[in-house]
$ cat query.cif   # mmCIF, C-alpha atoms
data_query
loop_
_atom_site.label_atom_id
_atom_site.label_comp_id
_atom_site.auth_asym_id
_atom_site.auth_seq_id
_atom_site.Cartn_x
_atom_site.Cartn_y
_atom_site.Cartn_z
CA MET A 1 18.59 1.80 -6.14
CA ASN A 2 17.88 -1.51 -7.88
CA ALA A 3 14.36 -2.38 -6.75
CA ASP A 4 14.37 -5.67 -8.66
CA LYS A 5 16.80 -7.35 -6.32
CA TYR A 6 14.31 -6.75 -3.50
CA ASN A 7 11.33 -8.17 -5.39
CA HIS A 8 11.19 -11.34 -3.33
CA ILE A 9 11.31 -9.45 -0.02
CA THR A 10 8.02 -8.49 1.64
CA ASP A 11 7.26 -4.99 2.93
CA GLN A 12 7.52 -6.26 6.48
CA GLU A 13 10.98 -7.73 5.89
CA LEU A 14 12.21 -4.60 4.11
CA LEU A 15 11.00 -2.44 6.96
CA ALA A 16 12.68 -4.69 9.52
CA GLN A 17 15.90 -4.49 7.52
CA PHE A 18 15.59 -0.68 7.43
CA TYR A 19 15.17 -0.50 11.20
CA ARG A 20 18.27 -2.69 11.54
CA ASP A 21 20.54 -0.92 9.00
CA ARG A 22 18.95 2.57 8.88
CA ASP A 23 19.56 2.57 5.14
CA ASN A 24 17.21 5.00 3.40
CA GLU A 25 17.72 3.16 0.15
CA LEU A 26 15.49 0.44 1.55
CA LEU A 27 12.77 3.00 2.18
CA GLY A 28 13.13 4.07 -1.42
CA VAL A 29 12.53 0.50 -2.57
CA LEU A 30 9.54 0.17 -0.27
CA LEU A 31 7.97 3.47 -1.34
CA GLN A 32 8.48 2.74 -5.03
CA ARG A 33 6.09 -0.16 -4.66
CA TYR A 34 3.33 2.32 -3.84
CA THR A 35 4.10 5.32 -6.08
CA LEU A 36 1.23 4.59 -8.45
CA LEU A 37 -1.25 4.03 -5.63
CA LEU A 38 -0.12 7.20 -3.86
CA LEU A 39 -0.48 9.20 -7.06
CA GLY A 40 -4.02 7.84 -7.46
CA VAL A 41 -5.05 8.57 -3.87
CA CYS A 42 -3.64 12.12 -4.06
CA MET A 43 -5.43 12.69 -7.36
CA LYS A 44 -8.71 11.40 -5.94
CA TYR A 45 -8.62 13.98 -3.17
CA LEU A 46 -6.92 16.94 -4.83
CA LYS A 47 -8.38 16.62 -8.37
CA ASN A 48 -5.32 18.27 -9.87
CA GLU A 49 -2.48 16.45 -11.60
CA GLU A 50 0.33 18.82 -10.61
CA GLU A 51 -0.84 19.07 -7.02
CA ALA A 52 -1.16 15.30 -6.86
CA LYS A 53 2.45 14.87 -8.02
CA ASP A 54 3.70 17.41 -5.46
CA CYS A 55 1.65 15.72 -2.80
CA VAL A 56 3.24 12.32 -3.54
CA GLN A 57 6.70 13.86 -3.15
CA GLN A 58 5.67 15.42 0.16
CA VAL A 59 4.30 12.07 1.35
CA PHE A 60 7.61 10.42 0.42
CA LEU A 61 9.49 12.98 2.52
CA LYS A 62 7.09 12.65 5.40
CA VAL A 63 7.36 8.87 5.40
CA ILE A 64 11.18 8.98 5.29
CA GLN A 65 11.19 11.36 8.26
CA GLU A 66 8.51 9.60 10.30
CA LEU A 67 9.98 6.14 9.92
CA GLN A 68 13.25 7.36 11.45
CA LYS A 69 11.33 8.36 14.56
CA TYR A 70 9.10 5.40 15.33
CA LYS A 71 8.31 1.86 14.40
CA VAL A 72 5.44 1.06 12.09
CA GLU A 73 3.94 -2.42 12.11
CA TYR A 74 1.71 -2.47 9.05
CA PHE A 75 3.40 -0.32 6.44
CA LYS A 76 0.74 -0.39 3.74
CA SER A 77 -2.22 0.65 5.90
CA TRP A 78 -0.05 3.23 7.67
CA LEU A 79 1.11 4.69 4.35
CA TYR A 80 -2.49 4.88 3.13
CA MET A 81 -3.49 6.83 6.25
CA VAL A 82 -0.47 9.15 5.96
CA ALA A 83 -1.36 9.91 2.34
CA LYS A 84 -5.06 10.48 3.10
CA ASN A 85 -4.29 12.75 6.06
CA HIS A 86 -1.79 14.72 4.01
CA CYS A 87 -4.37 15.25 1.26
CA LEU A 88 -6.97 16.32 3.81
CA MET A 89 -4.50 18.82 5.26
CA LYS A 90 -3.87 20.22 1.79
CA LEU A 91 -7.59 20.51 1.20
CA ARG A 92 -7.95 22.33 4.50
CA ASP A 93 -5.22 24.77 3.47
CA ARG A 94 -6.90 25.24 0.11
CA GLN A 95 -10.44 25.68 1.38
CA GLY A 96 -9.84 27.07 4.85
CA LYS A 97 -11.95 24.27 6.25
CA ILE A 98 -10.99 21.67 8.80
CA PRO A 99 -11.67 18.24 7.42
CA THR A 100 -11.82 15.34 9.86
CA GLU A 101 -8.47 13.74 10.27
CA ILE A 102 -8.38 10.00 9.95
CA ASN A 103 -6.76 8.62 13.04
CA GLU A 104 -8.75 5.56 13.85
CA LYS A 105 -6.79 3.19 11.68
CA LEU A 106 -3.42 4.92 11.88
CA ILE A 107 -1.61 1.97 13.33
CA ALA A 108 -4.38 -0.45 12.53
CA ALA A 109 -3.79 -3.99 11.47
CA PRO A 110 -5.00 -5.05 8.04
CA GLN A 111 -8.65 -5.93 7.93
CA GLU A 112 -9.39 -8.92 10.11
CA GLU A 113 -10.11 -11.83 7.88
CA THR A 114 -10.43 -14.76 10.18
CA ASP A 115 -14.12 -14.22 10.99
CA THR A 116 -15.04 -13.88 7.35
CA GLN A 117 -12.97 -16.87 6.39
CA ALA A 118 -14.74 -18.92 9.03
CA LEU A 119 -18.04 -17.63 7.69
CA VAL A 120 -17.40 -18.65 4.12
CA GLN A 121 -16.25 -22.11 5.09
CA ASN A 122 -19.64 -22.81 6.53
CA ASP A 123 -22.15 -24.38 4.10
CA HIS A 124 -25.05 -23.02 6.10
CA THR A 125 -23.69 -19.49 5.68
CA LEU A 126 -23.57 -20.00 1.93
CA GLU A 127 -27.19 -21.09 2.01
CA LEU A 128 -28.04 -17.93 3.96
CA MET A 129 -26.08 -15.89 1.46
CA GLU A 130 -28.00 -17.32 -1.45
CA ASN A 131 -31.24 -16.26 0.24
CA SER A 132 -29.88 -12.89 1.34
CA ILE A 133 -28.87 -11.91 -2.18
CA ARG A 134 -32.58 -11.86 -3.00
CA GLU A 135 -33.15 -9.34 -0.21
CA LEU A 136 -30.78 -6.77 -1.69
CA ASN A 137 -32.29 -3.96 -3.70
CA ARG A 138 -32.61 -4.58 -7.42
CA GLU A 139 -29.51 -2.64 -8.51
CA GLN A 140 -27.24 -4.20 -5.90
CA GLN A 141 -28.62 -7.68 -6.53
CA GLN A 142 -28.10 -7.31 -10.26
CA CYS A 143 -24.52 -6.01 -9.95
CA VAL A 144 -23.47 -8.52 -7.25
CA ILE A 145 -24.77 -11.46 -9.29
CA LEU A 146 -23.17 -10.26 -12.51
CA PHE A 147 -19.85 -9.50 -10.81
CA TYR A 148 -19.38 -12.35 -8.36
CA LEU A 149 -21.45 -15.15 -9.84
CA GLN A 150 -21.09 -14.46 -13.54
CA LYS A 151 -17.54 -13.06 -13.22
CA LYS A 152 -18.21 -10.05 -15.43
CA SER A 153 -16.08 -6.92 -15.43
CA TYR A 154 -17.41 -3.49 -14.41
CA GLN A 155 -17.44 -2.46 -18.06
CA GLU A 156 -19.45 -5.49 -19.13
CA ILE A 157 -21.90 -4.89 -16.28
CA ALA A 158 -22.18 -1.23 -17.20
CA ASP A 159 -22.86 -2.16 -20.84
CA GLU A 160 -25.46 -4.73 -19.82
CA THR A 161 -27.30 -2.66 -17.20
CA GLY A 162 -26.88 0.88 -18.46
CA TYR A 163 -25.34 2.05 -15.15
CA THR A 164 -22.11 4.04 -15.19
CA MET A 165 -18.89 2.33 -14.09
CA MET A 166 -18.94 4.30 -10.83
CA GLN A 167 -22.53 3.23 -10.16
CA VAL A 168 -21.61 -0.39 -10.82
CA LYS A 169 -18.69 -0.16 -8.43
CA SER A 170 -20.82 1.48 -5.78
CA HIS A 171 -23.67 -1.07 -6.11
CA ILE A 172 -21.18 -3.92 -5.77
CA GLN A 173 -19.49 -2.42 -2.71
CA ASN A 174 -22.75 -1.54 -1.00
CA GLY A 175 -24.31 -4.86 -1.99
CA LYS A 176 -21.37 -6.76 -0.52
CA ARG A 177 -21.56 -4.79 2.72
CA ASN A 178 -25.33 -5.23 3.02
CA LEU A 179 -24.99 -8.92 2.30
CA ARG A 180 -22.49 -9.34 5.10
CA ASN A 181 -24.75 -7.42 7.49
CA LEU A 182 -27.80 -9.51 6.51
CA ILE A 183 -25.94 -12.77 7.08
CA GLU A 184 -24.54 -11.65 10.42
CA LYS A 185 -28.02 -10.56 11.49
CA LYS A 186 -29.53 -13.91 10.49
CA LEU A 187 -26.78 -15.85 12.25
CA LYS A 188 -27.33 -13.80 15.42
CA GLU A 189 -31.08 -14.45 15.28
CA GLU A 190 -30.46 -18.16 14.83
CA SER A 191 -28.10 -18.31 17.78
CA LYS A 192 -30.67 -16.45 19.93
CA ASN A 193 -33.39 -18.96 18.99
CA THR A 194 -31.26 -21.99 19.80
CA MET B 195 -22.11 -21.89 -7.44
CA GLN B 196 -20.95 -22.31 -3.82
CA ASP B 197 -17.36 -21.44 -4.71
CA LYS B 198 -18.53 -18.28 -6.41
CA LEU B 199 -20.65 -17.35 -3.38
CA LYS B 200 -17.56 -17.73 -1.18
CA ASP B 201 -15.83 -15.04 -3.24
CA ILE B 202 -18.34 -12.44 -2.07
CA LEU B 203 -17.27 -12.61 1.55
CA SER B 204 -13.72 -13.85 1.34
CA HIS B 205 -10.61 -11.71 1.38
CA LEU B 206 -8.10 -13.60 -0.68
CA SER B 207 -4.88 -11.98 -1.81
CA THR B 208 -5.50 -8.25 -2.04
CA GLU B 209 -2.18 -7.35 -3.61
CA ILE B 210 -2.18 -5.91 -7.07
CA ASP B 211 0.96 -5.01 -8.97
CA GLN B 212 1.44 -1.59 -10.52
CA GLU B 213 1.95 -2.91 -14.05
CA THR B 214 -1.38 -4.73 -14.02
CA LEU B 215 -3.12 -1.65 -12.66
CA LEU B 216 -1.59 0.48 -15.43
CA LEU B 217 -2.72 -2.01 -18.07
CA TYR B 218 -6.19 -1.95 -16.53
CA LEU B 219 -6.26 1.85 -16.71
CA GLN B 220 -5.20 1.80 -20.34
CA ASP B 221 -7.95 -0.73 -21.06
CA LYS B 222 -5.44 -3.30 -22.26
CA LEU B 223 -6.71 -6.28 -20.28
CA SER B 224 -9.16 -8.98 -21.30
CA ASP B 225 -12.61 -8.95 -19.67
CA GLU B 226 -11.62 -11.94 -17.56
CA LYS B 227 -8.44 -10.25 -16.32
CA LYS B 228 -10.36 -7.01 -15.74
CA HIS B 229 -12.77 -8.89 -13.51
CA GLU B 230 -9.82 -10.36 -11.55
CA VAL B 231 -8.38 -6.89 -10.98
CA GLU B 232 -11.75 -5.50 -9.94
CA ALA B 233 -12.33 -8.38 -7.52
CA LEU B 234 -8.95 -7.62 -5.92
CA LEU B 235 -9.78 -3.92 -5.75
CA ALA B 236 -13.07 -4.64 -3.97
CA ASP B 237 -11.06 -5.87 -0.97
CA ASN B 238 -8.33 -3.28 -1.08
CA ASP B 239 -9.35 0.26 -0.02
CA PHE B 240 -5.94 1.75 -0.85
CA ALA B 241 -5.91 0.44 -4.43
CA SER B 242 -9.61 1.12 -4.89
CA ASP B 243 -9.21 4.79 -3.89
CA ALA B 244 -6.12 5.00 -6.07
CA LEU B 245 -7.98 3.67 -9.07
CA ASP B 246 -10.74 6.27 -8.58
CA GLY B 247 -8.06 8.97 -8.69
CA LEU B 248 -6.06 7.50 -11.56
CA GLN B 249 -9.18 7.35 -13.69
CA GLU B 250 -9.41 11.12 -13.39
CA PHE B 251 -6.13 11.66 -15.26
CA GLY B 252 -6.74 13.10 -18.70
CA ASP B 253 -4.03 11.11 -20.46
CA LYS B 254 -3.70 7.65 -18.95
CA LYS B 255 -0.52 6.99 -20.93
CA GLN B 256 1.17 9.82 -19.03
CA ILE B 257 0.64 8.09 -15.70
CA ALA B 258 3.50 5.61 -16.21
CA TYR B 259 5.84 8.49 -17.10
CA MET B 260 4.77 10.46 -14.01
CA VAL B 261 5.40 7.43 -11.82
CA GLU B 262 8.84 7.01 -13.38
CA MET B 263 9.67 10.67 -12.70
CA LEU B 264 8.46 10.41 -9.12
CA ASN B 265 10.56 7.27 -8.60
CA ARG B 266 13.59 8.99 -10.07
CA ASP B 267 13.10 11.90 -7.68
CA LEU B 268 12.67 9.51 -4.78
CA LYS B 269 15.87 7.73 -5.75
CA LYS B 270 17.75 11.05 -5.64
CA LYS B 271 16.33 11.82 -2.22
CA VAL B 272 17.38 8.56 -0.62
CA GLU B 273 20.75 8.53 -2.37
CA LYS B 274 21.54 12.07 -1.29
CA LYS B 275 20.95 11.09 2.29
CA ARG B 276 23.10 7.99 1.91
CA VAL B 277 25.99 9.93 0.35
CA ARG B 278 25.75 12.55 3.10
CA ARG B 279 25.80 9.81 5.73
CA GLU B 280 28.78 8.17 4.10
CA LYS B 281 30.63 11.51 3.99
CA MET B 282 29.98 11.98 7.68
CA LYS B 283 31.51 8.59 8.46
CA LEU B 284 35.15 8.76 9.63
CA PRO B 285 37.60 7.26 7.13
CA ASP B 286 39.04 3.85 7.88
CA GLN B 287 41.99 4.52 10.21
CA THR B 288 43.15 1.00 10.97
CA TRP B 289 46.64 1.60 9.55
CA LEU B 290 47.05 4.77 11.58
CA TYR B 291 46.27 2.87 14.80
CA ILE B 292 48.66 0.06 13.85
CA SER B 293 51.46 2.57 13.10
CA ILE B 294 50.94 4.33 16.45
CA LEU B 295 51.01 1.00 18.24
CA ILE B 296 54.24 -0.05 16.49
CA PHE B 297 55.80 3.35 17.26
CA LEU B 298 54.89 3.08 20.94
CA LEU B 299 56.29 -0.44 21.10
CA LEU B 300 59.52 0.76 19.53
CA VAL B 301 59.78 3.62 22.05
CA VAL B 302 59.27 1.20 24.95
CA LEU B 303 61.79 -1.22 23.43
CA CYS B 304 64.36 1.54 22.94
CA PHE B 305 63.82 2.76 26.48
CA MET B 306 64.37 -0.74 27.85
CA VAL B 307 67.51 -1.29 25.74
CA ILE B 308 69.03 2.09 26.76
CA ARG B 309 68.24 1.42 30.41
CA ARG B 310 69.82 -2.04 30.28
CA MET B 311 72.93 -0.60 28.53
CA LYS B 312 73.30 2.03 31.27
CA ASN B 313 73.07 -0.61 33.96
#
$ encode --input "query.cif" --output "structure tokens"
Amino acid sequence: MNADKYNHITDQELLAQFYRDRDNELLGVLLQRYTLLLLGVCMKYLKNEEEAKDCVQQVFLKVIQELQKYKVEYFKSWLYMVAKNHCLMKLRDRQGKIPTEINEKLIAAPQEETDTQALVQNDHTLELMENSIRELNREQQQCVILFYLQKKSYQEIADETGYTMMQVKSHIQNGKRNLRNLIEKKLKEESKNT
Amino acid sequence: MQDKLKDILSHLSTEIDQETLLLYLQDKLSDEKKHEVEALLADNDFASDALDGLQEFGDKKQIAYMVEMLNRDLKKKVEKKRVRREKMKLPDQTWLYISILIFLLLVVLCFMVIRRMKN
């Protein structure tokens, strides 16, 4: 299985080729692209290195079996959901609890970008964003400015602010989400007034 | 300033290669490159979750080895299935069909010759 010769081929094309030829080698190439990410996701949920490794192997098998049965449109998001659900099932077996299965995005398309792209092209939106940043709480404001406007890394921000790396990451993610909500709210209000 | 503001809401390329992610984990990237990786991760739930998990590994240098082992195992799995499938395939029997056809033609020819000789 020489994955290098498939480097120029996208996931979508590889998958289409697999559905045409039914050659599992192509699935091997496709899955190899995500081994590291799968290992990370499994580790995040299971918190155990050996279990995470086993889990990745089980996900590989599951994917090979499932893809023979039905067509998947967006491989990456589907694979992510398969891995998360598999980890949740393992946790349920381990703890005897029933965690919520993630179904909502099982065959979901990648995040819709067109709306956001339209938003950022608009100068007025950027003006709103500049104002909205000031409305974020202090931690989020600080981290968003340092990360997006001053292009600093999480580590640099952590060193400068005294927050942990995880806190920095969380403030940036929450700040970004709140910023988007604030802008959408302001745009809605403006359209109501006009 | 405006270009930087655009980065907050835009989803540019969210792909991140495994080698870069490994270098990030081993703290072998410059601050500038680290920021690039983190900006990509902010728009990529899969990679972001993965990074959270990968950071929990005790020995980050072992991760590349584990990935290699997992890939090797995967390779065996898909090859095994391919070999099995190839074994199940019937061998190429073109020559057998051609021989049968020639034999049948000869039989018909012989029959016709014998019949004509009798007449």
$ resolve_selection --input "query.cif" --expression "the PyMOL selection byres ((chain A and resi 141-146) around 10)" --output "PyMOL selection string"
(chain A and resi 132-140+147-154+156-158+160-161+163+167-176+179) or (chain B and resi 198-199+202)
$ write_last_selection --input "query.cif" --atoms "C-alpha atoms" --output "compact mmCIF listing (two decimals), keeping the file's coordinate frame"
# COMPACT_ATOMS: atom_id res chain seq x y z
CA SER A 132 -29.88 -12.89 1.34
CA ILE A 133 -28.87 -11.91 -2.18
CA ARG A 134 -32.58 -11.86 -3.00
CA GLU A 135 -33.15 -9.34 -0.21
CA LEU A 136 -30.78 -6.77 -1.69
CA ASN A 137 -32.29 -3.96 -3.70
CA ARG A 138 -32.61 -4.58 -7.42
CA GLU A 139 -29.51 -2.64 -8.51
CA GLN A 140 -27.24 -4.20 -5.90
CA PHE A 147 -19.85 -9.50 -10.81
CA TYR A 148 -19.38 -12.35 -8.36
CA LEU A 149 -21.45 -15.15 -9.84
CA GLN A 150 -21.09 -14.46 -13.54
CA LYS A 151 -17.54 -13.06 -13.22
CA LYS A 152 -18.21 -10.05 -15.43
CA SER A 153 -16.08 -6.92 -15.43
CA TYR A 154 -17.41 -3.49 -14.41
CA GLU A 156 -19.45 -5.49 -19.13
CA ILE A 157 -21.90 -4.89 -16.28
CA ALA A 158 -22.18 -1.23 -17.20
CA GLU A 160 -25.46 -4.73 -19.82
CA THR A 161 -27.30 -2.66 -17.20
CA TYR A 163 -25.34 2.05 -15.15
CA GLN A 167 -22.53 3.23 -10.16
CA VAL A 168 -21.61 -0.39 -10.82
CA LYS A 169 -18.69 -0.16 -8.43
CA SER A 170 -20.82 1.48 -5.78
CA HIS A 171 -23.67 -1.07 -6.11
CA ILE A 172 -21.18 -3.92 -5.77
CA GLN A 173 -19.49 -2.42 -2.71
CA ASN A 174 -22.75 -1.54 -1.00
CA GLY A 175 -24.31 -4.86 -1.99
CA LYS A 176 -21.37 -6.76 -0.52
CA LEU A 179 -24.99 -8.92 2.30
CA LYS B 198 -18.53 -18.28 -6.41
CA LEU B 199 -20.65 -17.35 -3.38
CA ILE B 202 -18.34 -12.44 -2.07
$ residues_near_point --input "query.cif" --point "(3.4, 16.3, 0.2)" --cutoff "10 Å" --atoms "all atoms listed in the file" --output "compact mmCIF listing (two decimals) with C-alpha atoms, in the frame of the given file"
# COMPACT_ATOMS: atom_id res chain seq x y z
CA CYS A 42 -3.64 12.12 -4.06
CA GLU A 51 -0.84 19.07 -7.02
CA ALA A 52 -1.16 15.30 -6.86
CA LYS A 53 2.45 14.87 -8.02
CA ASP A 54 3.70 17.41 -5.46
CA CYS A 55 1.65 15.72 -2.80
CA VAL A 56 3.24 12.32 -3.54
CA GLN A 57 6.70 13.86 -3.15
CA GLN A 58 5.67 15.42 0.16
CA VAL A 59 4.30 12.07 1.35
CA PHE A 60 7.61 10.42 0.42
CA LEU A 61 9.49 12.98 2.52
CA LYS A 62 7.09 12.65 5.40
CA VAL A 63 7.36 8.87 5.40
CA VAL A 82 -0.47 9.15 5.96
CA ALA A 83 -1.36 9.91 2.34
CA HIS A 86 -1.79 14.72 4.01
CA CYS A 87 -4.37 15.25 1.26
CA MET A 89 -4.50 18.82 5.26
CA LYS A 90 -3.87 20.22 1.79
$ interface_residues --input "query.cif" --of "chain A" --to "chain B" --cutoff "6 Å" --atoms "all atoms listed in the file" --output "PDB file with C-alpha atoms, in the frame of the given file"
ATOM      1  CA  ASN A  24      17.210   5.000   3.400  1.00  0.00           C
ATOM      2  CA  GLU A  25      17.720   3.160   0.150  1.00  0.00           C
ATOM      3  CA  LEU A  37      -1.250   4.030  -5.630  1.00  0.00           C
ATOM      4  CA  GLY A  40      -4.020   7.840  -7.460  1.00  0.00           C
ATOM      5  CA  VAL A  41      -5.050   8.570  -3.870  1.00  0.00           C
ATOM      6  CA  MET A  43      -5.430  12.690  -7.360  1.00  0.00           C
ATOM      7  CA  LYS A  44      -8.710  11.400  -5.940  1.00  0.00           C
ATOM      8  CA  GLN A 117     -12.970 -16.870   6.390  1.00  0.00           C
ATOM      9  CA  VAL A 120     -17.400 -18.650   4.120  1.00  0.00           C
ATOM     10  CA  LEU A 149     -21.450 -15.150  -9.840  1.00  0.00           C
ATOM     11  CA  LYS A 152     -18.210 -10.050 -15.430  1.00  0.00           C
ATOM     12  CA  SER A 153     -16.080  -6.920 -15.430  1.00  0.00           C
TER      13      SER A 153
END
$ atom_distance --input "query.cif" --atom1 "CA of Trp78 (chain A)" --atom2 "CA of Arg92 (chain A)"
20.9 Å
$ residues_around --input "query.cif" --residues "Lys71 (chain A)" --least-positions-apart "2" --cutoff "10 Å" --atoms "only C-alpha atoms" --output "VMD selection string"
chain A and resid 15 to 16 19 66 to 69 73 to 75 107
$ resolve_selection --input "query.cif" --expression "the PyMOL selection byres ((chain A and resi 184-187) around 10)" --output "number ranges by chain"
A: 119, 124-125, 128-129, 132, 178-183, 188-193
$ write_last_selection --input "query.cif" --atoms "C-alpha atoms" --output "mmCIF file, keeping the file's coordinate frame"
data_model
loop_
_atom_site.group_PDB
_atom_site.id
_atom_site.type_symbol
_atom_site.label_atom_id
_atom_site.label_comp_id
_atom_site.auth_asym_id
_atom_site.auth_seq_id
_atom_site.Cartn_x
_atom_site.Cartn_y
_atom_site.Cartn_z
ATOM 1 C CA LEU A 119 -18.040 -17.630 7.690
ATOM 2 C CA HIS A 124 -25.050 -23.020 6.100
ATOM 3 C CA THR A 125 -23.690 -19.490 5.680
ATOM 4 C CA LEU A 128 -28.040 -17.930 3.960
ATOM 5 C CA MET A 129 -26.080 -15.890 1.460
ATOM 6 C CA SER A 132 -29.880 -12.890 1.340
ATOM 7 C CA ASN A 178 -25.330 -5.230 3.020
ATOM 8 C CA LEU A 179 -24.990 -8.920 2.300
ATOM 9 C CA ARG A 180 -22.490 -9.340 5.100
ATOM 10 C CA ASN A 181 -24.750 -7.420 7.490
ATOM 11 C CA LEU A 182 -27.800 -9.510 6.510
ATOM 12 C CA ILE A 183 -25.940 -12.770 7.080
ATOM 13 C CA LYS A 188 -27.330 -13.800 15.420
ATOM 14 C CA GLU A 189 -31.080 -14.450 15.280
ATOM 15 C CA GLU A 190 -30.460 -18.160 14.830
ATOM 16 C CA SER A 191 -28.100 -18.310 17.780
ATOM 17 C CA LYS A 192 -30.670 -16.450 19.930
ATOM 18 C CA ASN A 193 -33.390 -18.960 18.990
#
$ closest_residue --input "query.cif" --among "B:Glu209, B:Asp286, B:Leu219, B:Leu303" --to "Asp253 (chain B)" --atoms "only C-alpha atoms"
B:Leu219
$ closest_residue --input "query.cif" --among "B:Met311, B:Leu217, B:Leu298, B:Met306" --to "Lys254 (chain B)" --atoms "only C-alpha atoms"
B:Leu217
$ atom_distance --input "query.cif" --atom1 "CA of Leu235 (chain B)" --atom2 "CA of Asn7 (chain A)"
21.5 Å
$ atom_distance --input "query.cif" --atom1 "CA of Ile64 (chain A)" --atom2 "CA of Lys84 (chain A)"
16.5 Å
$ closest_residue --input "query.cif" --among "A:Leu14, A:Met166, A:Met81, A:Leu27" --to "Gln65 (chain A)" --atoms "only C-alpha atoms"
A:Leu27
$ build_atoms --input "query.cif" --residues "region 150-162 of chain A" --atoms "N, CA and C atoms" --output "short mmCIF file (atom, residue, chain, number, x, y, z; two decimals), in the frame of the given file"
data_model
loop_
_atom_site.label_atom_id
_atom_site.label_comp_id
_atom_site.auth_asym_id
_atom_site.auth_seq_id
_atom_site.Cartn_x
_atom_site.Cartn_y
_atom_site.Cartn_z
N GLN A 150 -21.34 -14.29 -12.10
CA GLN A 150 -21.09 -14.46 -13.54
C GLN A 150 -19.72 -13.95 -13.96
N LYS A 151 -18.94 -13.47 -12.99
CA LYS A 151 -17.54 -13.06 -13.22
C LYS A 151 -17.39 -12.03 -14.33
N LYS A 152 -18.32 -11.09 -14.39
CA LYS A 152 -18.21 -10.05 -15.43
C LYS A 152 -17.44 -8.85 -14.92
N SER A 153 -16.83 -8.12 -15.83
CA SER A 153 -16.08 -6.92 -15.43
C SER A 153 -17.04 -5.75 -15.26
N TYR A 154 -16.56 -4.68 -14.61
CA TYR A 154 -17.41 -3.49 -14.41
C TYR A 154 -17.95 -2.98 -15.75
N GLN A 155 -17.04 -2.98 -16.75
CA GLN A 155 -17.44 -2.46 -18.06
C GLN A 155 -18.56 -3.29 -18.67
N GLU A 156 -18.41 -4.61 -18.58
CA GLU A 156 -19.45 -5.49 -19.13
C GLU A 156 -20.78 -5.27 -18.40
N ILE A 157 -20.67 -5.11 -17.06
CA ILE A 157 -21.90 -4.89 -16.28
C ILE A 157 -22.54 -3.56 -16.66
N ALA A 158 -21.67 -2.55 -16.82
CA ALA A 158 -22.18 -1.23 -17.20
C ALA A 158 -22.88 -1.30 -18.56
N ASP A 159 -22.26 -2.02 -19.50
CA ASP A 159 -22.86 -2.16 -20.84
C ASP A 159 -24.20 -2.89 -20.76
N GLU A 160 -24.25 -3.90 -19.91
CA GLU A 160 -25.46 -4.73 -19.82
C GLU A 160 -26.60 -4.03 -19.09
N THR A 161 -26.25 -3.25 -18.04
CA THR A 161 -27.30 -2.66 -17.20
C THR A 161 -27.63 -1.21 -17.54
N GLY A 162 -26.67 -0.54 -18.16
CA GLY A 162 -26.88 0.88 -18.46
C GLY A 162 -26.41 1.80 -17.33
#
